[in-house]
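Since the structure comes first, as structure tokens, the remarks are kept for the end.
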Amino acid sequence: MGGFAIEDPGFTLLYVEDEQVTRETVLSLLQRRFPKLALLSAANGAEGMALFREQAPDLVVTDIKMPSMSGIDMAREMMEQKPSLPVIVTSAHSDMNYLIESIELGISRYVLKPIDSSKLFAAVESALATLTQERELLAHQAFVRRLSRALEQSASSIVIANPQGVIDYVNPRFTTLTGYEAGEVLGKNLKSLKGKTELWDRVAAGEEWHGEFEGVKKNGEVFYESTSLSPVYDETGALSDLVAVQEEITERVLSERRIEALNRNLAARAEELELANRDLEGFSYTVSHDLRTPLTNINGYCQVILELYGATLDEQCKDFIKIIFDETVNMNQLIKTLLEFSRVSRSEMTRSEVDLSQLTSLVCASQQLSEPQRRVTFSIAPGMTAIGDPDLLKVVLQNLISNACKYSANREDAAVEVASLDESGELVYFVRDNGAGFDMAQADKLFSPFQRLHTEREFKGFGIGLATVQRIIQRHGGRIWAEGEVGLGACFYFTLPDENTRHGADHCSARQEERKK
């Protein structure tokens, strides 16, 4: 039978006969004719009954007249315990009364003595065929029970309808999904419940369909389901059933819609940022041309006044003009710094391997040339390399090293160290000085534009340098943080993950946050 598997463990036959020669001969014949049949034998009804209780044979062949217990009495007792037991009776013509009694008992198979092997074989084959059918029926019934349990306990909603679409079955999951009890939908037309009549007509015509539906539960709540619609055919090839298997996908659909809405918002935000960037570029142009031009004019007029009328001006007036001149220079430098900060955020990056040790040496040499009167000890670790934009990384080193030199200006033994270290498998670069340091409680202000931890009187600057450094490091996919102590110097750490690792370089962020605390 198709659709399920039947195991065939074989059958056991019990042969009960008091004549030894007959018993051995018949057993030998049965063994040759039915090699897969397990054989048991007994010399009388009492022994046969004991073997039946112990071995539970599937089939019994027995003589009628035997000592201790007749075959009829033995068969009667066996059939009381197992009514469906096939029994084949062998008897002589003189045992006709016993034969009639066996027929009345319900035994329909018998072979007259002397035993004709072909008739015995035919009776055994008939009994085995009946046993095989019974086992197949039992296996089929067990399979149907398993199939029924599978349908009842399925995590999917299952609906079965006849070819006209009338619902014959719904499983408990259908009730969970829709809120409708089985009694509320059985006998109703599936097409009218689900709509899309043309779709069901296509399935009834032999097509399969997979897709998604929007449904409404009994309480009015909208839900979404993934549905498979299939035709089922009987053994003749005729359409017998329509099956709908449904999975609820409400959460997935709603999540997708939230993601789509988020993407639309992000796209709108990106467009706003693009417009803001264009406005920033326009502002930068205005600053660089329209604002710097009058500053340059003021600067020039101050110089002309001093050159042409300096001799006639009193000292206080000259001082005022010099202050105006110095402030225009200062403001021009501030504008230049702001433009550099803007350029860092907008400039296109070109990644390549950078020799940080060599680049640091050049920056330190330039620093020494700019302040030849100072004595600063520079310590640069050899062999430092990184993947990044050479020009932008040079800006990073210039800002960090110039800061280190600036804030260690009050020390005669000023020292600046540039090196790297391995921290839990991550390469970390650092610039350390022994200068003024800072209070760690204010460390969160270090990288904000125009935020300064020291007064203008102590150390000059605009508070843009570290913000510029942070912006560059972030564009490289890295991190930057600082440690310091007032009067004992500061150390700035940063990472520069390469293209293969920069998206997964956040495993030390917890430590960074701990440092900030």
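Within each chain, counting starts at residue 1; across the structure tokens, chains are named A, B, ... in the order shown, with ligands numbered 1 upward in that order.
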If you count only C-alpha atoms, which residues fall within 9 Å of segment 418-434 of chain A, apart from same-chain ones fewer than 5 positions away, as a PyMOL selection string? chain A and resi 357+360+378-382+384+397+400-401+404-405+407-408+411+413+487-497+505+508
Within 7 Å of Ser157 of chain A using only C-alpha atoms, minus same-chain residues under 3 positions, as an NGL selection string: :A and (171 or 173-174 or 245-247)
Can you work out the spacing between atom CA of Gly187 of chain A and atom CA of Leu199 of chain A in Å, to one decimal?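 Atom CA of Leu199 of chain A lies 20.0 Å from atom CA of Gly187 of chain A.
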In Å, how far is it from atom CA of Ser126 of chain A to atom CA of Met66 of chain A?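 Going from atom CA of Ser126 of chain A over to atom CA of Met66 of chain A, I get 25.3 Å.
Compared by their closest atoms to Gly183 of chain A, and using only C-alpha atoms, the residues A:Glu348, A:Glu47, A:Asp168, A:Glu152 rank with A:Asp168 nearest.
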Just list the residues in segment 130-202 of chain A DSSP gives alpha helix (DSSP H) on the backbone, as an MDAnalysis selection string. chainID A and resid 130:153 172:178 182:185 190:194 197:202
Output for the residues just chosen: C-alpha atoms as a JSON list (two decimals), in the first residue's frame:
```json
[["chain", "number", "residue", "atom", "x", "y", "z"],
["A", 130, "THR", "CA", -5.86, -12.88, 5.89],
["A", 131, "LEU", "CA", -3.19, -12.14, 8.52],
["A", 132, "THR", "CA", -1.28, -9.93, 6.05],
["A", 133, "GLN", "CA", -4.42, -7.95, 5.26],
["A", 134, "GLU", "CA", -5.17, -7.54, 8.94],
["A", 135, "ARG", "CA", -1.64, -6.30, 9.63],
["A", 136, "GLU", "CA", -1.78, -3.90, 6.69],
["A", 137, "LEU", "CA", -5.12, -2.63, 7.96],
["A", 138, "LEU", "CA", -3.72, -2.18, 11.47],
["A", 139, "ALA", "CA", -0.64, -0.40, 10.05],
["A", 140, "HIS", "CA", -2.87, 1.81, 7.93],
["A", 141, "GLN", "CA", -5.05, 2.63, 10.92],
["A", 142, "ALA", "CA", -1.95, 3.44, 13.00],
["A", 143, "PHE", "CA", -0.66, 5.66, 10.20],
["A", 144, "VAL", "CA", -4.00, 7.45, 9.97],
["A", 145, "ARG", "CA", -3.90, 8.04, 13.73],
["A", 146, "ARG", "CA", -0.35, 9.43, 13.43],
["A", 147, "LEU", "CA", -1.40, 11.61, 10.51],
["A", 148, "SER", "CA", -4.39, 12.84, 12.48],
["A", 149, "ARG", "CA", -2.17, 13.74, 15.44],
["A", 150, "ALA", "CA", 0.25, 15.52, 13.11],
["A", 151, "LEU", "CA", -2.59, 17.59, 11.66],
["A", 152, "GLU", "CA", -4.06, 18.34, 15.07],
["A", 153, "GLN", "CA", -0.72, 19.32, 16.61],
["A", 172, "PRO", "CA", -6.77, 23.71, 16.20],
["A", 173, "ARG", "CA", -4.10, 26.07, 14.87],
["A", 174, "PHE", "CA", -6.71, 27.54, 12.51],
["A", 175, "THR", "CA", -8.76, 28.56, 15.56],
["A", 176, "THR", "CA", -5.67, 30.07, 17.21],
["A", 177, "LEU", "CA", -4.88, 32.02, 14.03],
["A", 178, "THR", "CA", -8.34, 33.31, 13.13],
["A", 182, "ALA", "CA", -14.24, 24.59, 13.82],
["A", 183, "GLY", "CA", -18.04, 24.48, 14.16],
["A", 184, "GLU", "CA", -18.28, 28.05, 12.83],
["A", 185, "VAL", "CA", -16.59, 27.25, 9.51],
["A", 190, "LEU", "CA", -13.62, 28.29, 1.58],
["A", 191, "LYS", "CA", -13.75, 30.57, -1.45],
["A", 192, "SER", "CA", -16.27, 32.90, 0.15],
["A", 193, "LEU", "CA", -14.28, 33.01, 3.40],
["A", 194, "LYS", "CA", -10.95, 33.71, 1.77],
["A", 197, "THR", "CA", -12.52, 33.13, -6.13],
["A", 198, "GLU", "CA", -10.48, 33.07, -9.34],
["A", 199, "LEU", "CA", -7.44, 31.91, -7.37],
["A", 200, "TRP", "CA", -9.32, 28.96, -5.89],
["A", 201, "ASP", "CA", -10.64, 28.09, -9.34],
["A", 202, "ARG", "CA", -7.06, 27.90, -10.60]]
```
